[in-house]
Structures are given as C-alpha cells and as structure tokens.
file structure_3.txt (compact mmCIF, C-alpha atoms and all ligand atoms)
# COMPACT_ATOMS: atom_id res chain seq x y z
CA MET H 1 76.92 196.91 236.95
CA THR H 2 77.70 193.16 236.81
CA LYS H 3 81.26 191.81 237.04
CA PHE H 4 81.09 190.99 233.33
CA ASP H 5 80.00 194.58 232.48
CA GLU H 6 82.97 195.85 234.49
CA GLU H 7 85.27 193.48 232.60
CA ILE H 8 83.92 194.65 229.26
CA GLU H 9 84.33 198.28 230.30
CA HIS H 10 87.94 197.61 231.31
CA ALA H 11 88.58 195.77 228.02
CA ARG H 12 87.18 198.68 226.01
CA PHE H 13 89.35 201.07 228.02
CA TYR H 14 92.41 198.89 227.35
CA ASP H 15 91.58 198.75 223.68
CA THR H 16 91.01 202.48 223.23
CA ASN H 17 93.67 203.80 225.63
CA LEU H 18 96.64 202.26 223.84
CA ASN H 19 97.99 203.86 220.72
CA TRP H 20 97.65 200.63 218.72
CA GLU H 21 98.58 201.76 215.23
CA PRO H 22 102.23 202.66 216.00
CA ARG H 23 102.49 199.68 218.37
CA ILE H 24 101.36 197.17 215.75
CA LYS H 25 103.62 198.84 213.13
CA ARG H 26 106.58 198.52 215.49
CA GLU H 27 105.96 194.97 216.74
CA VAL H 28 104.29 192.94 214.00
CA PRO H 29 107.09 193.17 211.35
CA PHE H 30 109.44 191.66 213.94
CA LEU H 31 106.96 188.95 215.02
CA GLN H 32 106.00 187.88 211.51
CA LYS H 33 109.65 186.99 210.69
CA TYR H 34 109.27 184.05 213.10
CA LEU H 35 105.54 183.35 213.00
CA ALA H 36 104.21 183.94 209.46
CA ASN H 37 101.93 181.16 208.19
CA LYS H 38 101.98 179.33 211.54
CA ASN H 39 99.35 178.15 213.97
CA ILE H 40 100.16 180.17 217.04
CA LEU H 41 99.21 180.66 220.67
CA ASP H 42 98.60 184.26 221.72
CA ILE H 43 98.92 184.09 225.49
CA ALA H 44 97.10 186.82 227.44
CA CYS H 45 95.74 188.02 224.10
CA ALA H 46 93.59 190.84 225.58
CA THR H 47 91.46 192.26 222.75
CA GLY H 48 93.19 190.16 220.09
CA ARG H 49 95.03 192.98 218.33
CA HIS H 50 98.25 191.02 217.73
CA SER H 51 96.48 187.82 216.64
CA LEU H 52 94.35 189.70 214.13
CA ALA H 53 97.31 191.75 212.81
CA LEU H 54 99.39 188.56 212.34
CA GLU H 55 96.63 187.08 210.18
CA GLU H 56 97.85 189.42 207.40
CA PHE H 57 100.98 187.25 207.39
CA GLY H 58 99.07 183.98 207.23
CA ALA H 59 99.27 183.20 210.96
CA VAL H 60 96.18 181.89 212.72
CA SER H 61 96.02 182.12 216.52
CA LEU H 62 94.36 180.65 219.51
CA GLY H 63 94.22 183.68 221.80
CA ILE H 64 93.77 182.87 225.49
CA ASP H 65 92.92 185.42 228.14
CA ILE H 66 91.63 185.09 231.71
CA SER H 67 89.22 188.01 231.23
CA PRO H 68 85.88 187.18 229.59
CA GLY H 69 85.54 190.91 228.83
CA MET H 70 88.80 190.95 226.84
CA VAL H 71 87.74 187.81 224.96
CA ALA H 72 84.30 189.30 224.18
CA VAL H 73 85.91 192.45 222.71
CA ALA H 74 88.44 190.29 220.79
CA ASN H 75 85.51 188.39 219.26
CA GLU H 76 83.84 191.67 218.22
CA LYS H 77 87.05 192.74 216.48
CA LYS H 78 87.38 189.34 214.81
CA LYS H 79 83.88 189.75 213.40
CA GLU H 80 84.61 193.30 212.15
CA GLN H 81 87.80 192.13 210.43
CA ASP H 82 86.46 188.78 209.25
CA GLY H 83 89.25 187.11 211.25
CA LYS H 84 90.09 183.41 211.48
CA SER H 85 91.65 183.27 214.95
CA THR H 86 89.85 181.82 217.97
CA PHE H 87 89.63 183.57 221.34
CA PHE H 88 89.11 181.57 224.51
CA THR H 89 88.69 182.52 228.16
CA ALA H 90 91.04 180.58 230.46
CA ASP H 91 93.70 181.01 233.12
CA VAL H 92 96.99 180.15 231.40
CA SER H 93 98.55 179.21 234.73
CA ALA H 94 95.80 176.73 235.68
CA LEU H 95 96.94 173.14 236.05
CA ASP H 96 93.93 171.94 234.01
CA LEU H 97 94.51 174.25 231.02
CA PRO H 98 95.23 171.38 228.57
CA THR H 99 92.05 169.57 229.72
CA LYS H 100 90.00 172.74 229.25
CA LEU H 101 91.30 173.18 225.70
CA LYS H 102 90.57 169.54 224.92
CA GLU H 103 87.04 169.72 226.33
CA ALA H 104 86.36 172.82 224.25
CA GLY H 105 87.53 170.97 221.12
CA LEU H 106 90.42 173.39 220.60
CA LYS H 107 93.86 172.75 219.14
CA MET H 108 96.43 171.32 221.54
CA GLU H 109 99.61 171.75 219.46
CA PHE H 110 101.05 174.96 218.06
CA ASP H 111 103.98 175.95 215.82
CA GLY H 112 104.79 179.12 217.73
CA GLY H 113 103.44 181.79 220.02
CA ILE H 114 103.55 185.18 221.66
CA MET H 115 103.03 186.63 225.13
CA LEU H 116 103.35 190.39 224.86
CA GLY H 117 102.84 193.50 226.98
CA ASN H 118 104.64 192.11 230.07
CA ALA H 119 101.62 189.83 230.53
CA ILE H 120 103.62 187.31 232.60
CA SER H 121 103.72 189.85 235.45
CA ASN H 122 99.91 189.88 235.55
CA PHE H 123 99.87 186.18 236.40
CA GLY H 124 100.48 187.62 239.88
CA SER H 125 102.89 185.16 241.52
CA LEU H 126 106.05 183.20 240.82
CA MET H 127 104.16 179.88 241.02
CA ALA H 128 101.59 181.13 238.51
CA GLY H 129 104.45 182.20 236.22
CA VAL H 130 106.09 178.78 236.46
CA ARG H 131 102.83 176.91 235.84
CA GLY H 132 101.95 179.24 232.96
CA MET H 133 105.33 178.75 231.25
CA ARG H 134 105.06 174.96 231.74
CA ASN H 135 101.62 174.94 230.09
CA ILE H 136 102.89 177.05 227.20
CA TYR H 137 105.91 174.76 226.70
CA SER H 138 103.67 171.67 226.68
CA LEU H 139 101.37 173.14 224.00
CA LEU H 140 104.20 173.95 221.54
CA LYS H 141 105.63 171.54 218.99
CA LYS H 142 109.37 170.87 219.06
CA ASN H 143 111.40 173.61 217.31
CA SER H 144 108.66 176.20 217.84
CA THR H 145 109.53 179.82 218.54
CA PHE H 146 107.83 181.61 221.41
CA ILE H 147 108.27 185.39 221.64
CA CYS H 148 107.61 187.24 224.86
CA GLN H 149 108.04 190.71 226.17
CA THR H 150 108.84 191.52 229.79
CA VAL H 151 109.53 194.70 231.75
CA ASN H 152 112.54 194.41 234.05
CA ARG H 153 111.60 194.35 237.72
CA PRO H 154 112.25 197.74 239.28
CA ASN H 155 114.09 197.64 242.61
CA SER H 156 112.12 200.57 243.98
CA PHE H 157 109.11 202.75 243.09
CA PHE H 158 108.80 203.10 239.35
CA TYR H 159 106.58 205.35 237.22
CA PHE H 160 105.66 204.55 233.65
CA PRO H 161 105.46 207.75 231.61
CA PRO H 162 101.93 209.18 231.98
CA ARG H 163 99.75 208.88 228.91
CA PHE H 164 97.84 212.02 228.12
CA GLN H 165 94.53 212.00 226.26
CA PRO H 166 92.35 215.02 225.63
CA ASP H 167 91.23 216.04 229.19
CA LYS H 168 92.48 212.81 230.74
CA VAL H 169 95.68 211.29 232.04
CA PHE H 170 96.47 207.60 232.65
CA ILE H 171 99.11 206.98 235.30
CA ARG H 172 100.82 203.80 236.45
CA LEU H 173 103.09 203.38 239.46
CA MET H 174 104.88 200.19 240.45
CA VAL H 175 105.39 199.79 244.19
CA PRO H 176 107.63 197.03 245.60
CA ASN H 177 105.94 194.68 248.05
CA GLN H 178 108.04 194.69 251.24
CA GLN H 179 106.15 191.80 252.82
CA VAL H 180 107.03 188.16 252.27
CA ALA H 181 104.22 187.40 249.87
CA GLU H 182 103.39 185.79 246.54
CA ASN H 183 103.69 189.02 244.57
CA ASN H 184 106.80 191.22 244.52
CA MET H 185 105.23 194.44 243.13
CA PHE H 186 101.88 196.23 243.21
CA LEU H 187 100.70 198.06 240.11
CA HIS H 188 98.67 201.18 240.89
CA ALA H 189 96.80 202.42 237.83
CA ALA H 190 94.45 205.36 237.57
CA LEU H 191 92.64 207.24 234.85
CA ILE H 192 92.01 210.81 235.96
CA ASN H 193 89.58 213.13 234.25
CA LEU H 194 91.40 216.48 234.38
CA LYS H 195 88.40 218.52 233.28
CA GLU H 196 86.01 217.11 235.85
CA GLN H 197 88.80 216.61 238.43
CA LYS H 198 87.79 213.04 239.27
CA TYR H 199 89.04 209.50 238.95
CA GLU H 200 87.43 207.53 236.11
CA PHE H 201 88.93 204.51 237.79
CA GLN H 202 91.76 203.50 240.09
CA ARG H 203 92.91 199.98 240.77
CA VAL H 204 95.75 198.16 242.50
CA SER H 205 96.84 194.76 241.18
CA LYS H 206 99.31 192.20 242.41
CA THR H 207 102.11 191.56 239.95
CA PHE H 208 105.21 189.41 239.88
CA MET H 209 107.98 190.98 237.86
CA TYR H 210 111.32 189.45 236.84
CA SER H 211 114.84 190.73 236.32
CA VAL H 212 116.44 189.56 233.06
CA GLU H 213 118.36 186.93 235.05
CA GLU H 214 115.24 185.71 236.88
CA PHE H 215 113.19 185.35 233.70
CA THR H 216 116.09 183.50 232.05
CA ASP H 217 116.03 181.07 234.99
CA LEU H 218 112.27 180.62 234.72
CA VAL H 219 112.13 179.90 230.99
CA THR H 220 115.20 177.64 230.94
CA SER H 221 113.88 175.69 233.95
CA VAL H 222 110.78 174.69 231.97
CA GLY H 223 112.90 173.64 228.97
CA PHE H 224 113.08 176.69 226.64
CA LYS H 225 116.35 177.82 225.08
CA VAL H 226 116.88 181.60 224.94
CA VAL H 227 118.03 182.18 221.35
CA GLU H 228 117.76 185.96 221.00
CA GLN H 229 117.20 188.88 223.40
CA TYR H 230 116.66 192.54 222.60
CA SER H 231 115.61 195.76 224.30
CA ASN H 232 113.14 196.67 221.54
CA TYR H 233 111.68 195.51 218.22
CA ASN H 234 114.54 197.17 216.26
CA GLY H 235 116.86 194.54 217.68
CA ASP H 236 118.93 196.78 219.99
CA PRO H 237 120.94 195.03 222.75
CA VAL H 238 119.34 194.11 226.07
CA ASP H 239 119.12 196.85 228.67
CA GLU H 240 118.98 195.44 232.21
CA SER H 241 117.95 198.67 233.92
CA ASP H 242 114.78 198.97 236.04
CA GLY H 243 111.61 199.20 233.97
CA ALA H 244 113.33 198.57 230.61
CA THR H 245 111.68 196.23 228.13
CA THR H 246 113.17 192.89 227.11
CA ILE H 247 112.04 190.98 224.02
CA TRP H 248 112.73 187.26 224.26
CA VAL H 249 112.95 184.82 221.36
CA LEU H 250 112.65 181.37 222.93
CA LEU H 251 112.97 178.00 221.25
CA LYS H 252 111.33 174.77 222.37
C1 LIG T 1 99.08 193.93 230.14
S1 LIG T 1 97.85 193.01 229.31
C2 LIG T 1 98.75 192.50 227.88
C3 LIG T 1 97.85 192.12 226.77
C4 LIG T 1 98.40 191.96 225.38
N1 LIG T 1 99.15 190.73 225.25
C5 LIG T 1 99.21 193.13 224.91
O1 LIG T 1 100.39 192.97 224.59
O2 LIG T 1 98.68 194.23 224.82
C6 LIG T 1 97.76 191.57 230.29
C7 LIG T 1 96.65 190.61 229.90
O3 LIG T 1 96.88 189.39 230.62
C8 LIG T 1 95.64 188.83 230.95
N2 LIG T 1 95.91 187.85 232.03
C9 LIG T 1 96.31 188.12 233.29
N3 LIG T 1 96.49 186.97 233.98
C10 LIG T 1 96.22 185.95 233.11
C11 LIG T 1 96.23 184.53 233.22
N4 LIG T 1 96.55 183.92 234.36
N5 LIG T 1 95.88 183.80 232.13
C12 LIG T 1 95.53 184.41 230.96
N6 LIG T 1 95.50 185.76 230.80
C13 LIG T 1 95.85 186.51 231.86
C14 LIG T 1 94.81 190.03 231.34
O4 LIG T 1 93.42 189.76 231.33
C15 LIG T 1 95.24 191.04 230.27
O5 LIG T 1 94.42 190.98 229.13
call {"tool": "encode", "arguments": {"input": "structure_3.txt", "output": "structure tokens", "more": "lines below"}}
Ligand SMILES: C[S@@+](CC[C@H](N)C(=O)[O-])C[C@H]1O[C@@H](n2cnc3c(N)ncnc32)[C@H](O)[C@@H]1O
result
Amino acid sequence: MTKFDEEIEHARFYDTNLNWEPRIKREVPFLQKYLANKNILDIACATGRHSLALEEFGAVSLGIDISPGMVAVANEKKKEQDGKSTFFTADVSALDLPTKLKEAGLKMEFDGGIMLGNAISNFGSLMAGVRGMRNIYSLLKKNSTFICQTVNRPNSFFYFPPRFQPDKVFIRLMVPNQQVAENNMFLHAALINLKEQKYEFQRVSKTFMYSVEEFTDLVTSVGFKVVEQYSNYNGDPVDESDGATTIWVLLK
C-alpha cells in the first residue's frame, strides 16, 4: 500500500466514522449566520463536508488540508454534489503558504473562514499554531469573521467517549507529554474490530492543545479580536473544564 493509498483509506475512515448528519445540522445553522454568501477559507477542511454544506447558504470555500487523501475525497464529494468550492493540499502553518496559493492561481483574500474539529491541535506544535494563525489572518480581508472550534487542553489523561459502530469501537485517549518538547499531548486513536478481536488501526499523533486562556493569547497576538465565545453551537457560555469544546468567533 502506498502512502497515498493509506491517506485515502484514513480519509474514507474519517468520512464514514463521524455521524455527519447531526453534526452538520448542529453546526451549519450557526456558521451560516456569519458566513452566508461569502468567499471563505475552510482551514483543515478534511473531506470538505462543511464547505459543501455551506454552499447551500451561498458560501464558496477554498478548503485547505495537509492530507492529499482528505483533499482527494473532498474532490469526489464535490463532484457528487456538483459543488463550487476548491480543495487544495497544503500545510497551513508553512511559511510559504501565500506563495503556494499564488502559484496555484488560487484566491488570496477571503471574507471569512472556519477551522473546525479542534484542527489547530493537529498542527502539532505551538510554533506551527502561531504560523498557521498568522497565515490565516493575512489571508482574510479586514472585518472578516473567522470561526474556530477548540477542545480545552486536559491537564491529565483524557478519554473521549468511545464511538460504537456495529461490531467496532473507535477509542481516543489524550496523554500529556511530560518531556520538554514541541507537543504537549499525544493522541492515541484506535479502531478495534470487536467481532474479529483485532485492531483495524492504531496510531499515535503529536498534538498541541490550548486552554481557553492560551488560545486567547495566541489569536490576539496575531491580531484577531475575540468577539464571541461559546461552549457549543446553541450559544451556551464557555466551559473551561478539561476536554470541553470552545467555539470562537474572531474578527480581523
Ligand atoms: C480533526 S480533523 C478536523 C477536520 C474538519 N475541519 C472537521 O471539523 O471535521 C483535522 C484535519 O487537519 C488536517 N491538518 C493537520 N495539520 C494540518 C496542517 N498543518 N495544515 C492543514 N491541515 C492540517 C488533517 O489532515 C485533518 O484533516
């Protein structure tokens, strides 16, 4: 299996493992209030689900993801749905991101954007987070809204609730990194086939997670203003406990 085949397989797993219908129903009505009819950036777009769902509200996206497999699956979905958004493979935290977009003849200015699913943690280090947020800020027009979702950094081991599928379970455990290193947590993820009693896959990735205070510092240091903060898409107040979600409405 080539690296690209592995990436595609992972992207298909990501796309089929999540319960997308309720997720899109929960998130998109909130997002469209800020982003309808705009040209937006979908940072770490994965298989393009949010970009394509926002098209119903007149938004057109440039979705960027570091994984060519995710981008390939996003392009398949675009074709199926006759979508208008563009999906592009790039590292959002790379210093040459603007040059890459320019060379590919892509848009360089956007009216808004999203970065959902705690994607910032997958950038893997604080420096990558800072560079990524700087790139995002530079690609947005003044007065643009950028909406992100983070998961508060746990101070110790943290389990996400297991997701059961027929005969399978998907588990994720966050483990703090005790060493002085670029990443502050490891994410252990495994899909276990309960019938055949074997791992379908298991992987450990480096992540850098933020407390609410730390992410506030990061986004304000690159120039964003935090205008709204919630603990979910119903608009409930922020919850600063370990592993809780925070939704950020940022203004350039
Ligand atoms: C947890 S998924 C979130 C995806 C999607 N936004 C969502 O809400 O479901 C994280 C995504 O970030 C992408 N990613 C990780 N590091 C990246 C980087 N440096 N630049 C762009 N994408 C990145 C991964 O390939 C993956 O698709």
call {"tool": "residues_near_ligand", "arguments": {"input": "structure_3.txt", "ligand": "ligand LIG 1 (chain T)", "cutoff": "10 Å", "atoms": "all atoms listed in the file", "output": "PyMOL selection string"}}
result
chain H and resi 7+10-11+14-15+18+20+23-24+27+42-51+63-71+88-94+97+114-125+128-129+131-132+148-149+207
call {"tool": "residues_around", "arguments": {"input": "structure_3.txt", "residues": "Met174 (chain H)", "least_positions_apart": "2", "cutoff": "6 Å", "atoms": "only C-alpha atoms", "output": "list of chain:residue names"}}
result
H:Phe157, H:Phe158, H:Phe186, H:Leu187
call {"tool": "residues_around", "arguments": {"input": "structure_3.txt", "residues": "region 209-220 of chain H", "least_positions_apart": "2", "cutoff": "6 Å", "atoms": "only C-alpha atoms", "output": "list of chain:residue names"}}
result
H:Ser121, H:Asn152, H:Arg153, H:Val222, H:Gly223, H:Phe224, H:Lys225
call {"tool": "closest_residue", "arguments": {"input": "structure_3.txt", "among": "H:Ser205, H:Gln165, H:Pro29, H:Val151", "to": "Asn177 (chain H)", "atoms": "all atoms listed in the file"}}
result
H:Ser205
call {"tool": "atom_distance", "arguments": {"input": "structure_3.txt", "atom1": "CA of Leu251 (chain H)", "atom2": "CA of Lys38 (chain H)"}}
result
14.7 Å
call {"tool": "residues_around", "arguments": {"input": "structure_3.txt", "residues": "Thr246 (chain H)", "least_positions_apart": "4", "cutoff": "6 Å", "atoms": "all atoms listed in the file", "output": "ChimeraX atom specification"}}
result
/H:149-150,230-231
call {"tool": "residues_around", "arguments": {"input": "structure_3.txt", "residues": "Val238 (chain H)", "least_positions_apart": "2", "cutoff": "10 Å", "atoms": "all atoms listed in the file", "output": "list in words"}}
result
Val212, Glu228, Gln229, Tyr230, Ser231, Asn232, Gly235, Asp236, Glu240, Ser241, Ala244, Thr245, Thr246, Ile247 and Trp248 of chain H
call {"tool": "closest_residue", "arguments": {"input": "structure_3.txt", "among": "H:Lys198, H:Lys84, H:His188, H:Lys252", "to": "Glu56 (chain H)", "atoms": "all atoms listed in the file"}}
result
H:Lys84
call {"tool": "closest_residue", "arguments": {"input": "structure_3.txt", "among": "H:Val226, H:Met1, H:Val60, H:Ile171", "to": "Leu191 (chain H)", "atoms": "all atoms listed in the file"}}
result
H:Ile171
call {"tool": "residues_around", "arguments": {"input": "structure_3.txt", "residues": "region 103-111 of chain H", "least_positions_apart": "2", "cutoff": "8 Å", "atoms": "only C-alpha atoms", "output": "MDAnalysis selection string"}}
result
chainID H and resid 38:41 62 98:101 113 139:141 143:145
call {"tool": "axis_aligned_box", "arguments": {"input": "structure_3.txt", "around": "region 98-111 of chain H", "padding_each_side": "5 Å", "output": "JSON"}}
result
{"center_x": 95.2, "center_y": 172.7, "center_z": 222.8, "size_x": 27.6, "size_y": 16.4, "size_z": 23.9}
call {"tool": "residues_near_point", "arguments": {"input": "structure_3.txt", "point": "(89.9, 209.8, 238.7)", "cutoff": "12 Å", "atoms": "all atoms listed in the file", "output": "list in words"}}
result
Asp167, Lys168, Val169, Phe170, Ile171, Ala189, Ala190, Leu191, Ile192, Asn193, Leu194, Lys195, Glu196, Gln197, Lys198, Tyr199, Glu200, Phe201, Gln202 and Arg203 of chain H
